[in-house]
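File shown: run.csv (CSV, C-alpha atoms).
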chain,number,residue,atom,x,y,z
A,878,MET,CA,-16.9,-31.9,24.3
A,879,SER,CA,-18.0,-28.3,23.8
A,880,VAL,CA,-15.9,-25.7,22.0
A,881,LYS,CA,-15.1,-23.8,25.2
A,882,ASP,CA,-13.8,-27.1,26.7
A,883,ARG,CA,-11.3,-27.4,23.9
A,884,LEU,CA,-9.9,-23.9,24.2
A,885,GLY,CA,-6.3,-24.0,25.5
A,886,THR,CA,-5.8,-27.7,25.0
A,887,GLY,CA,-3.5,-27.4,22.0
A,888,SER,CA,0.0,-28.8,22.1
A,889,SER,CA,1.6,-25.3,22.3
A,890,PHE,CA,-0.4,-24.5,25.5
A,891,GLY,CA,0.0,-27.7,27.5
A,892,ASN,CA,0.4,-25.7,30.7
A,893,VAL,CA,-2.8,-23.6,30.2
A,894,PRO,CA,-5.7,-24.8,32.4
A,895,ARG,CA,-8.3,-26.8,30.4
A,896,GLY,CA,-11.9,-25.8,30.0
A,897,ARG,CA,-11.3,-22.0,30.1
A,898,SER,CA,-14.6,-20.2,30.0
A,899,PRO,CA,-15.1,-17.2,27.7
A,900,ARG,CA,-15.1,-15.0,30.8
A,901,GLY,CA,-12.0,-16.5,32.2
A,902,ARG,CA,-10.2,-16.3,28.8
A,903,ALA,CA,-11.2,-12.6,28.4
A,904,LYS,CA,-9.7,-11.9,31.9
A,905,ALA,CA,-6.5,-13.9,31.1
A,906,VAL,CA,-6.1,-11.9,27.8
A,907,ALA,CA,-6.6,-8.6,29.6
A,908,GLN,CA,-4.0,-9.6,32.2
A,909,GLY,CA,-1.6,-10.6,29.5
A,910,ASP,CA,-1.4,-14.2,30.7
A,911,VAL,CA,-2.3,-15.6,27.3
A,912,PRO,CA,-2.3,-14.2,23.7
A,913,ALA,CA,-5.4,-12.7,22.2
A,914,TYR,CA,-5.9,-16.0,20.3
A,915,GLU,CA,-5.0,-19.5,21.3
A,916,LEU,CA,-4.0,-22.7,19.6
A,917,VAL,CA,-7.0,-25.0,19.7
A,918,ARG,CA,-7.8,-28.5,18.5
A,919,LEU,CA,-10.8,-28.6,16.2
A,920,ARG,CA,-12.6,-31.5,14.7
A,921,LEU,CA,-12.5,-31.4,11.0
A,922,ASP,CA,-16.2,-31.9,10.6
A,923,GLU,CA,-16.7,-28.6,12.4
A,924,VAL,CA,-14.7,-26.7,9.8
A,925,SER,CA,-15.6,-25.7,6.3
A,926,PRO,CA,-13.2,-24.2,3.6
A,927,THR,CA,-14.2,-20.8,2.4
A,928,PRO,CA,-15.7,-20.7,-1.1
A,929,LEU,CA,-13.6,-17.6,-1.7
A,930,ASN,CA,-10.3,-19.4,-1.8
A,931,PRO,CA,-8.9,-18.9,-5.4
A,932,ARG,CA,-6.8,-22.0,-5.0
A,933,ARG,CA,-8.2,-25.1,-6.8
A,934,ASN,CA,-5.2,-27.4,-7.1
A,935,PHE,CA,-4.4,-29.1,-3.8
A,936,GLY,CA,-2.3,-31.9,-5.2
A,937,THR,CA,-2.9,-35.4,-6.5
A,938,GLU,CA,-4.3,-38.1,-4.3
A,939,GLU,CA,-0.8,-39.5,-3.9
A,940,GLU,CA,0.5,-36.2,-2.7
A,941,GLN,CA,-2.5,-35.7,-0.4
A,942,THR,CA,-1.9,-39.1,1.1
A,943,ARG,CA,1.8,-38.4,1.7
A,944,PHE,CA,1.1,-35.0,3.2
A,945,GLY,CA,-1.7,-36.4,5.4
A,946,GLU,CA,0.5,-39.0,6.9
A,947,GLU,CA,3.1,-36.4,7.7
A,948,LEU,CA,0.4,-34.4,9.5
A,949,ARG,CA,-0.5,-37.6,11.5
A,950,VAL,CA,3.0,-37.6,12.8
A,951,ALA,CA,3.4,-33.9,13.4
A,952,GLN,CA,1.7,-30.7,12.3
A,953,LEU,CA,4.3,-28.0,12.0
A,954,ALA,CA,1.9,-25.1,11.2
A,955,ALA,CA,-1.6,-24.4,12.5
A,956,CYS,CA,-4.5,-23.7,10.2
A,957,VAL,CA,-6.2,-20.4,10.5
A,958,ALA,CA,-10.0,-20.0,10.8
A,959,VAL,CA,-12.8,-17.6,11.8
A,960,THR,CA,-16.0,-18.3,13.6
A,961,ARG,CA,-19.2,-19.0,11.7
A,962,ALA,CA,-21.0,-16.0,13.0
A,963,VAL,CA,-18.3,-13.5,12.0
A,964,TYR,CA,-17.9,-15.0,8.5
A,965,LEU,CA,-21.7,-15.0,7.8
A,966,LYS,CA,-21.8,-11.4,8.9
A,967,LEU,CA,-19.6,-10.6,5.9
A,968,TRP,CA,-21.0,-13.1,3.4
A,969,PRO,CA,-24.5,-14.1,4.5
A,970,ASP,CA,-25.2,-15.7,1.1
A,971,HIS,CA,-22.6,-18.4,1.9
A,972,GLU,CA,-24.6,-20.0,4.7
A,973,GLU,CA,-25.8,-22.9,2.6
A,974,ARG,CA,-22.3,-23.5,1.1
A,975,ILE,CA,-20.6,-23.8,4.5
A,976,GLY,CA,-23.4,-26.0,5.9
A,977,GLU,CA,-23.4,-26.5,9.7
A,978,ALA,CA,-19.7,-25.8,10.2
A,979,LEU,CA,-18.8,-23.8,13.3
A,980,TYR,CA,-15.6,-22.4,11.7
A,981,VAL,CA,-14.5,-21.3,8.3
A,982,LEU,CA,-11.0,-21.7,7.0
A,983,VAL,CA,-8.8,-18.7,6.1
A,984,ASN,CA,-5.5,-20.4,5.6
A,985,GLY,CA,-4.4,-24.1,5.5
A,986,GLU,CA,-6.9,-25.7,3.1
A,987,ARG,CA,-4.3,-28.0,1.7
A,988,ARG,CA,-3.5,-29.3,5.2
A,989,PHE,CA,-7.2,-29.6,5.9
A,990,ARG,CA,-8.0,-31.6,2.7
A,991,SER,CA,-5.0,-33.8,3.1
A,992,ALA,CA,-6.0,-34.6,6.7
A,993,VAL,CA,-9.5,-35.4,5.6
A,994,HIS,CA,-8.1,-37.6,2.8
A,995,VAL,CA,-6.2,-39.9,5.2
A,996,GLY,CA,-9.0,-39.9,7.8
A,997,LEU,CA,-7.7,-37.6,10.5
A,998,GLU,CA,-10.3,-36.4,12.9
A,999,ALA,CA,-8.7,-33.1,14.1
A,1000,LEU,CA,-6.0,-30.5,13.5
A,1001,ASP,CA,-4.5,-27.6,15.4
A,1002,PHE,CA,-6.1,-24.3,14.5
A,1003,VAL,CA,-5.8,-20.6,15.4
A,1004,VAL,CA,-9.1,-18.8,15.5
A,1005,ARG,CA,-8.6,-15.2,14.2
A,1006,ASP,CA,-11.9,-13.3,14.0
A,1007,ASP,CA,-9.8,-10.1,13.7
A,1008,LEU,CA,-9.0,-11.2,10.1
A,1009,ALA,CA,-12.7,-10.8,9.2
A,1010,SER,CA,-13.1,-7.2,10.3
A,1011,SER,CA,-14.1,-6.4,6.7
A,1012,ARG,CA,-14.5,-8.2,3.4
A,1013,GLU,CA,-11.4,-6.5,2.0
A,1014,GLU,CA,-9.3,-7.6,5.0
A,1015,PHE,CA,-10.5,-11.2,4.8
A,1016,VAL,CA,-9.8,-11.6,1.1
A,1017,ASP,CA,-6.4,-9.7,1.4
A,1018,HIS,CA,-5.2,-12.2,4.1
A,1019,LEU,CA,-6.6,-15.1,2.1
A,1020,LEU,CA,-4.7,-14.1,-1.0
A,1021,LYS,CA,-1.4,-13.2,0.8
A,1022,GLU,CA,-1.0,-16.7,2.1
A,1023,ASN,CA,-1.0,-18.2,-1.4
A,1024,LEU,CA,0.6,-15.4,-3.4
A,1025,ASP,CA,4.2,-16.6,-3.2
A,1026,ARG,CA,3.6,-20.4,-3.3
A,1027,GLU,CA,5.4,-22.2,-6.0
A,1028,ASP,CA,2.3,-24.4,-6.7
A,1029,PHE,CA,-0.1,-21.4,-6.9
A,1030,ASP,CA,-0.6,-21.2,-10.7
A,1031,VAL,CA,-1.0,-18.0,-12.5
A,1032,ILE,CA,-4.7,-18.3,-13.1
A,1033,GLU,CA,-5.5,-19.1,-9.5
A,1034,ARG,CA,-3.4,-16.0,-8.6
A,1035,ALA,CA,-5.3,-13.9,-11.1
A,1036,ARG,CA,-8.6,-15.0,-9.7
A,1037,GLY,CA,-7.5,-14.1,-6.2
A,1038,VAL,CA,-6.4,-10.6,-7.3
A,1039,GLN,CA,-9.7,-10.2,-9.1
A,1040,GLN,CA,-11.6,-11.0,-5.8
A,1041,LEU,CA,-9.5,-8.5,-3.9
A,1042,VAL,CA,-10.2,-5.8,-6.6
A,1043,ASP,CA,-13.9,-6.6,-6.4
A,1044,VAL,CA,-14.2,-6.1,-2.6
A,1045,CYS,CA,-12.1,-3.0,-2.9
A,1046,ALA,CA,-14.5,-1.7,-5.5
A,1047,GLU,CA,-17.5,-2.2,-3.1
A,1048,GLU,CA,-16.3,0.7,-1.0
A,1049,ASN,CA,-15.3,2.9,-3.9
A,1050,GLU,CA,-15.0,1.6,-7.5
A,1051,ARG,CA,-12.6,4.3,-8.4
A,1052,GLY,CA,-9.1,3.4,-7.6
A,1053,ALA,CA,-10.0,-0.2,-6.6
A,1054,ARG,CA,-7.0,-1.6,-8.5
A,1055,ALA,CA,-4.6,0.9,-6.9
A,1056,ARG,CA,-5.9,0.0,-3.4
A,1057,ALA,CA,-5.5,-3.7,-4.2
A,1058,ALA,CA,-2.0,-3.2,-5.4
A,1059,GLU,CA,-1.2,-1.2,-2.2
A,1060,ARG,CA,-2.5,-4.0,0.0
A,1061,LEU,CA,-0.4,-6.6,-1.9
A,1062,LYS,CA,2.6,-4.3,-2.0
A,1063,ARG,CA,2.8,-4.5,-5.7
A,1064,ASP,CA,2.6,-2.0,-8.6
A,1065,ARG,CA,-0.8,-1.2,-10.1
A,1066,SER,CA,0.6,-2.5,-13.5
A,1067,TRP,CA,1.2,-5.9,-11.9
A,1068,VAL,CA,-2.4,-6.1,-10.8
A,1069,THR,CA,-3.5,-5.1,-14.4
A,1070,ASN,CA,-1.3,-7.8,-15.9
A,1071,GLN,CA,-2.9,-10.4,-13.6
A,1072,LEU,CA,-6.5,-9.5,-14.5
A,1073,VAL,CA,-5.9,-9.4,-18.2
A,1074,LEU,CA,-5.2,-13.2,-18.1
A,1075,LEU,CA,-8.7,-13.9,-17.1
A,1076,GLU,CA,-9.9,-12.4,-20.4
A,1077,LEU,CA,-8.4,-15.3,-22.3
A,1078,PRO,CA,-10.6,-18.3,-23.4
A,1079,GLU,CA,-10.9,-21.1,-20.9
A,1080,LYS,CA,-8.8,-23.4,-23.0
A,1081,LEU,CA,-5.9,-21.0,-22.8
A,1082,GLN,CA,-6.4,-20.4,-19.1
A,1083,LYS,CA,-6.0,-24.2,-18.6
A,1084,MET,CA,-2.8,-24.1,-20.6
A,1085,LEU,CA,-1.5,-21.3,-18.4
A,1086,SER,CA,-2.5,-23.3,-15.2
A,1087,SER,CA,-0.6,-26.4,-16.4
A,1088,GLY,CA,2.4,-24.4,-17.4
A,1089,GLU,CA,2.1,-25.3,-21.0
A,1090,VAL,CA,2.0,-21.6,-21.8
A,1091,SER,CA,4.1,-19.1,-19.9
A,1092,GLU,CA,2.6,-16.0,-18.2
A,1093,ARG,CA,4.5,-13.7,-20.5
A,1094,ASN,CA,3.0,-15.4,-23.6
A,1095,GLY,CA,-0.4,-15.4,-22.0
A,1096,ARG,CA,-0.2,-11.6,-21.6
A,1097,LEU,CA,0.9,-11.3,-25.3
A,1098,MET,CA,-2.2,-13.2,-26.4
A,1099,ALA,CA,-4.4,-11.2,-24.1
A,1100,ARG,CA,-3.2,-8.0,-25.6
A,1101,ARG,CA,-3.9,-9.4,-29.1
A,1102,LEU,CA,-7.4,-10.4,-28.0
A,1103,ARG,CA,-8.1,-6.9,-26.8
A,1104,GLU,CA,-7.2,-5.6,-30.3
A,1105,GLN,CA,-9.3,-8.3,-32.0
A,1106,PRO,CA,-11.9,-9.7,-29.6
A,1107,GLU,CA,-13.3,-12.1,-32.3
A,1108,LEU,CA,-10.2,-14.2,-32.3
A,1109,THR,CA,-10.5,-17.9,-31.2
A,1110,SER,CA,-8.0,-19.9,-29.0
A,1111,VAL,CA,-6.5,-21.5,-32.2
A,1112,GLN,CA,-6.0,-18.1,-33.8
A,1113,LEU,CA,-4.4,-16.7,-30.7
A,1114,LEU,CA,-2.0,-19.6,-30.5
A,1115,ASP,CA,-1.2,-19.1,-34.2
A,1116,HIS,CA,-0.4,-15.4,-33.5
A,1117,LEU,CA,1.8,-16.5,-30.6
A,1118,LYS,CA,3.7,-18.9,-32.8
A,1119,ALA,CA,4.2,-16.2,-35.5
A,1120,VAL,CA,5.6,-13.8,-33.0
A,1121,LYS,CA,8.0,-16.4,-31.6
A,1122,ASP,CA,9.1,-17.3,-35.1
A,1123,GLN,CA,9.8,-13.7,-35.9
A,1124,GLU,CA,11.9,-13.3,-32.7
A,1125,GLU,CA,13.8,-16.5,-33.5
A,1126,GLN,CA,14.6,-15.1,-37.0
A,1127,LYS,CA,15.9,-11.9,-35.5
A,1128,ARG,CA,18.1,-13.8,-33.2
A,1129,GLU,CA,19.5,-15.9,-36.0
A,1130,GLU,CA,20.2,-12.8,-38.1
A,1131,GLU,CA,22.1,-11.2,-35.2
A,1132,GLN,CA,24.1,-14.4,-34.6
A,1133,ALA,CA,25.0,-14.5,-38.4
A,1134,ILE,CA,26.3,-11.0,-38.2
A,1135,LEU,CA,28.5,-11.8,-35.2
A,1136,ARG,CA,29.8,-15.0,-36.9
A,1137,ALA,CA,30.6,-13.1,-40.1
A,1138,ALA,CA,32.4,-10.4,-38.1
A,1139,ARG,CA,34.5,-13.1,-36.2
A,1140,ASP,CA,35.4,-14.8,-39.5
A,1141,SER,CA,36.5,-11.6,-41.2
A,1142,GLY,CA,38.3,-10.2,-38.2
A,1143,GLN,CA,36.4,-7.0,-38.4
A,1144,PRO,CA,34.2,-5.6,-35.7
A,1145,PRO,CA,30.5,-6.4,-36.1
A,1146,SER,CA,28.4,-3.8,-37.9
A,1147,LEU,CA,26.3,-1.5,-35.9
A,1148,LEU,CA,22.6,-2.2,-35.3
A,1149,SER,CA,19.8,0.4,-35.2
A,1150,ALA,CA,17.1,0.4,-32.5
A,1151,ASP,CA,15.0,-2.0,-34.6
A,1152,ASN,CA,18.1,-4.4,-35.0
A,1153,ARG,CA,18.7,-3.4,-38.6
A,1154,PRO,CA,22.3,-3.0,-39.8
A,1155,VAL,CA,23.6,0.6,-39.9
A,1156,GLU,CA,26.3,1.7,-42.3
A,1157,PRO,CA,29.4,3.0,-40.3
A,1158,PRO,CA,30.1,6.7,-40.7
A,1159,PRO,CA,32.8,7.6,-43.4
A,1160,ALA,CA,36.3,7.6,-42.2
A,1161,THR,CA,37.7,11.1,-41.6
A,1162,SER,CA,41.1,12.2,-42.6
A,1163,ALA,CA,43.7,12.4,-39.8
A,1164,GLU,CA,44.8,15.8,-41.2
A,1165,PRO,CA,42.8,18.6,-39.5
A,1166,ALA,CA,40.7,20.7,-41.7
A,1167,ARG,CA,42.4,23.9,-42.8
A,1168,SER,CA,40.8,27.1,-41.6
A,1169,SER,CA,39.1,29.2,-44.2
A,1170,ARG,CA,40.3,32.3,-42.5
A,1171,ARG,CA,43.5,34.0,-43.6
A,1172,PRO,CA,46.6,33.7,-41.3
A,1173,LEU,CA,47.9,36.8,-39.7
A,1174,ARG,CA,50.5,38.5,-41.9
A,1175,LEU,CA,53.0,41.0,-40.8
A,1176,GLY,CA,53.9,43.3,-43.6
A,1177,PRO,CA,52.2,44.8,-46.6
A,1178,PRO,CA,49.1,42.9,-47.7
A,1179,GLN,CA,49.4,40.9,-50.9
A,1180,PRO,CA,47.3,41.8,-53.9
A,1181,ALA,CA,44.1,39.7,-54.3
A,1182,PRO,CA,44.0,37.3,-57.3
A,1183,ALA,CA,42.0,38.5,-60.3
A,1184,ALA,CA,39.8,35.4,-60.5
A,1185,THR,CA,36.7,35.4,-58.3
A,1186,THR,CA,35.1,32.5,-56.5
A,1187,ALA,CA,31.9,32.0,-54.7
A,1188,GLY,CA,32.0,34.1,-51.5
A,1189,VAL,CA,35.0,36.1,-52.5
A,1190,SER,CA,34.8,39.7,-53.6
A,1191,SER,CA,36.2,40.4,-57.1
A,1192,THR,CA,36.5,44.1,-56.6
A,1193,GLY,CA,39.2,44.0,-53.9
A,1194,GLY,CA,36.7,43.7,-51.1
A,1195,THR,CA,37.1,41.5,-48.0
A,1196,PRO,CA,37.5,37.8,-48.9
A,1197,VAL,CA,34.7,35.8,-47.4
A,1198,ASP,CA,36.0,32.4,-48.6
A,1199,GLY,CA,32.5,30.8,-48.3
A,1200,SER,CA,32.8,30.6,-44.5
A,1201,LEU,CA,29.8,29.4,-42.6
A,1202,SER,CA,28.7,30.0,-39.0
A,1203,ALA,CA,27.8,27.2,-36.6
A,1204,ASP,CA,24.2,27.2,-37.9
A,1205,ASN,CA,25.4,27.0,-41.5
A,1206,GLU,CA,24.5,30.7,-42.2
A,1207,GLN,CA,26.8,32.8,-44.4
A,1208,MET,CA,29.3,34.7,-42.3
A,1209,PRO,CA,28.9,38.5,-42.6
A,1210,GLN,CA,31.5,40.3,-44.6
A,1211,ILE,CA,34.2,42.1,-42.7
A,1212,GLU,CA,34.8,45.7,-43.5
A,1213,GLN,CA,37.8,46.1,-45.9
A,1214,PRO,CA,40.9,47.5,-44.1
A,1215,ALA,CA,42.7,50.6,-45.3
A,1216,ALA,CA,44.3,50.4,-48.8
A,1217,PRO,CA,48.0,49.6,-48.9
A,1218,GLY,CA,48.9,53.2,-49.7
A,1219,GLU,CA,47.2,54.6,-46.6
A,1220,VAL,CA,49.4,52.6,-44.1
A,1221,PRO,CA,53.1,53.6,-43.8
A,1222,TRP,CA,54.4,50.0,-44.0
A,1223,GLY,CA,57.9,51.2,-44.9
A,1224,ASP,CA,58.2,53.7,-42.1
A,1225,PRO,CA,58.4,52.0,-38.7
A,1226,ALA,CA,58.1,55.2,-36.7
A,1227,ALA,CA,55.0,56.2,-38.5
A,1228,LEU,CA,53.5,52.8,-38.2
A,1229,HIS,CA,54.3,52.9,-34.5
A,1230,GLU,CA,52.5,56.2,-34.1
A,1231,LEU,CA,49.5,54.9,-36.0
A,1232,LEU,CA,49.3,51.9,-33.7
A,1233,LEU,CA,49.5,54.1,-30.7
A,1234,LYS,CA,46.4,55.9,-31.8
A,1235,LYS,CA,44.4,52.9,-32.9
A,1236,MET,CA,45.1,50.2,-30.3
A,1237,SER,CA,44.5,49.9,-26.6
A,1238,PRO,CA,47.5,50.5,-24.3
A,1239,ALA,CA,48.0,46.8,-23.7
A,1240,ASP,CA,47.8,46.0,-27.4
A,1241,ARG,CA,50.1,48.9,-28.2
A,1242,THR,CA,52.8,47.5,-26.0
A,1243,VAL,CA,52.6,44.0,-27.4
A,1244,LEU,CA,52.6,45.0,-31.1
A,1245,ALA,CA,55.2,47.6,-30.6
A,1246,GLN,CA,57.6,45.0,-29.1
A,1247,LEU,CA,56.9,42.7,-32.0
A,1248,LEU,CA,57.4,45.2,-34.8
A,1249,LEU,CA,60.1,47.5,-33.4
A,1250,GLY,CA,61.8,45.4,-30.7
A,1251,THR,CA,61.6,48.4,-28.3
A,1252,THR,CA,59.4,49.2,-25.3
A,1253,ALA,CA,56.5,51.5,-26.1
A,1254,SER,CA,56.1,54.4,-23.7

Rewritten as structure tokens:
Amino acid sequence: MSVKDRLGTGSSFGNVPRGRSPRGRAKAVAQGDVPAYELVRLRLDEVSPTPLNPRRNFGTEEEQTRFGEELRVAQLAACVAVTRAVYLKLWPDHEERIGEALYVLVNGERRFRSAVHVGLEALDFVVRDDLASSREEFVDHLLKENLDREDFDVIERARGVQQLVDVCAEENERGARARAAERLKRDRSWVTNQLVLLELPEKLQKMLSSGEVSERNGRLMARRLREQPELTSVQLLDHLKAVKDQEEQKREEEQAILRAARDSGQPPSLLSADNRPVEPPPATSAEPARSSRRPLRLGPPQPAPAATTAGVSSTGGTPVDGSLSADNEQMPQIEQPAAPGEVPWGDPAALHELLLKKMSPADRTVLAQLLLGTTAS
């Protein structure tokens, strides 16, 4: 049976006439009778996986057998492929690697391999040549299908990201990582963190793939390797162990501080930014600090003491009392008021007249009421 005879014979298109010719199919698509691509049944010996798939782990033989038998009963999702001609137009150097296959897989290689493993002859496919409009588009779609799979290990994912960055760089090397991140809807830093894992020795990459080493610890060792490129896998693992031991020691110290605080009934001591104990600030007196300025006195000024102190004039000048401004600068001296004999403290009427001359109208009113108990005119 030719390829055109199999078009439209998939289970999802049971009512579509069989044997649709390319011309008839094009007319049906133009009229909206069928979608731009149809579900077709393809023989597995006509299909080849793409060498670009970053995925290498497709399950154990037992897992492939179980999945293959499930496919024999029902295939819930179709595989996606492109035609040979469209694929080789993008990667002509892959001709020998795909052999005589008429189609090349884009998505569904685990289904394909499991079906081959149990001896199935055919599967349902969707042929999407639009996914091979460019190398960048093809790799992008190839990676997206696997990106969020639980069994897609970190090194496989990093290889896929590297392939996408490489094809983005073919058009313009500058900004290739940023374009790859935009396609994957991730931050550029995420792309960088994936690529740095591929700089690790092969032994450590295998440990990452198996889950023996976490992705976070892999990035830590990769940063260390950039600082000291001569380090071996053993030395990098020793560095990782030293870092983890140091982190564990810090946690134990923090827990000891908390336990001691609970036992003593006191709140735990403060920790600085680097988790070191910080002495609490000295307790301050509940009594507010006395002002260094003299209180307002009504009546004749008292004579200044004979002894002099720092910041106080010893010649009868203005007491400074060592007062400081907000920026800890010495406060300027205030001009000494009139000597006691120049102010008529014992003559209320004369004092009132002096206030009227020196003060503003509002101040004259207030002070006159305070001193004389009468209303100033």

**Request:** Rank nothing, just name the residue among A:Leu1024, A:Met1098, A:Leu1108, A:Ala951 nearest to Arg1036 of chain A, using all atoms listed in the file.
**Result:** A:Leu1024

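Distance annotation: of A:His1018, A:Arg918, A:Arg949, A:Arg1063, the residue with the minimal separation from Val1003 of chain A is A:Arg918; atom set is all atoms listed in the file.
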
**Prompt:** Which polymer residues have any atom within 7 Å of an atom of segment 1041-1046 of chain A, counting all atoms listed in the file, with same-chain residues fewer than 3 positions away left out, as an MDAnalysis selection string?
**Reply:** chainID A and resid 1012:1013 1016:1017 1037:1038 1049:1051 1053:1054 1056:1057

**Prompt:** Got a sec: who's within 6 Å of Leu982 of chain A, counting only C-alpha atoms, leaving out chain neighbours fewer than 5 positions off, as JSON, numbers by chain?
**Reply:** {"A": [926, 927, 958]}

Store the residues picked out above, limited to C-alpha atoms, as an mmCIF file, in the coordinates of the input.
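Below you can see out-v3.cif, which holds the result:
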data_model
loop_
_atom_site.group_PDB
_atom_site.id
_atom_site.type_symbol
_atom_site.label_atom_id
_atom_site.label_comp_id
_atom_site.auth_asym_id
_atom_site.auth_seq_id
_atom_site.Cartn_x
_atom_site.Cartn_y
_atom_site.Cartn_z
ATOM 1 C CA PRO A 926 -13.200 -24.200 3.600
ATOM 2 C CA THR A 927 -14.200 -20.800 2.400
ATOM 3 C CA ALA A 958 -10.000 -20.000 10.800
#

**Atomic separation - atom CA of Asp1064 of chain A relative to atom CA of Glu1089 of chain A, Å** = 26.4 Å

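Distance check against Pro931 of chain A using all atoms listed in the file: of A:Ala1227, A:Leu1074, A:Ala1035, A:Ala1138, the minimum falls on A:Ala1035.
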
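Straight-line separation from atom CA of Val981 of chain A to atom CA of Val959 of chain A: 5.4 Å.
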
**Asked** Near Glu1092 of chain A, within 10 Å and counting only C-alpha atoms, which residues show up once chain neighbours fewer than 6 positions away are dropped, as an MDAnalysis selection string?
**Response** chainID A and resid 1030:1032 1070:1071 1074 1085:1086 1098

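Computed from the coordinates, the atom CA of Phe935 of chain A to atom CA of Arg987 of chain A distance equals 5.6 Å.
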
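Taking only C-alpha atoms into account, the protein, DNA and RNA residues within 10 Å of (-6.0, -44.6, 1.9) read Glu938, Glu939, Gln941, Thr942, Arg943, Gly945, Glu946, His994, Val995 and Gly996 of chain A.
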
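For the set A:Asp1140, A:Glu998, A:Asp922, A:Glu940, the residue with the smallest atom-to-atom gap to Ala978 of chain A is A:Asp922, counting all atoms listed in the file.
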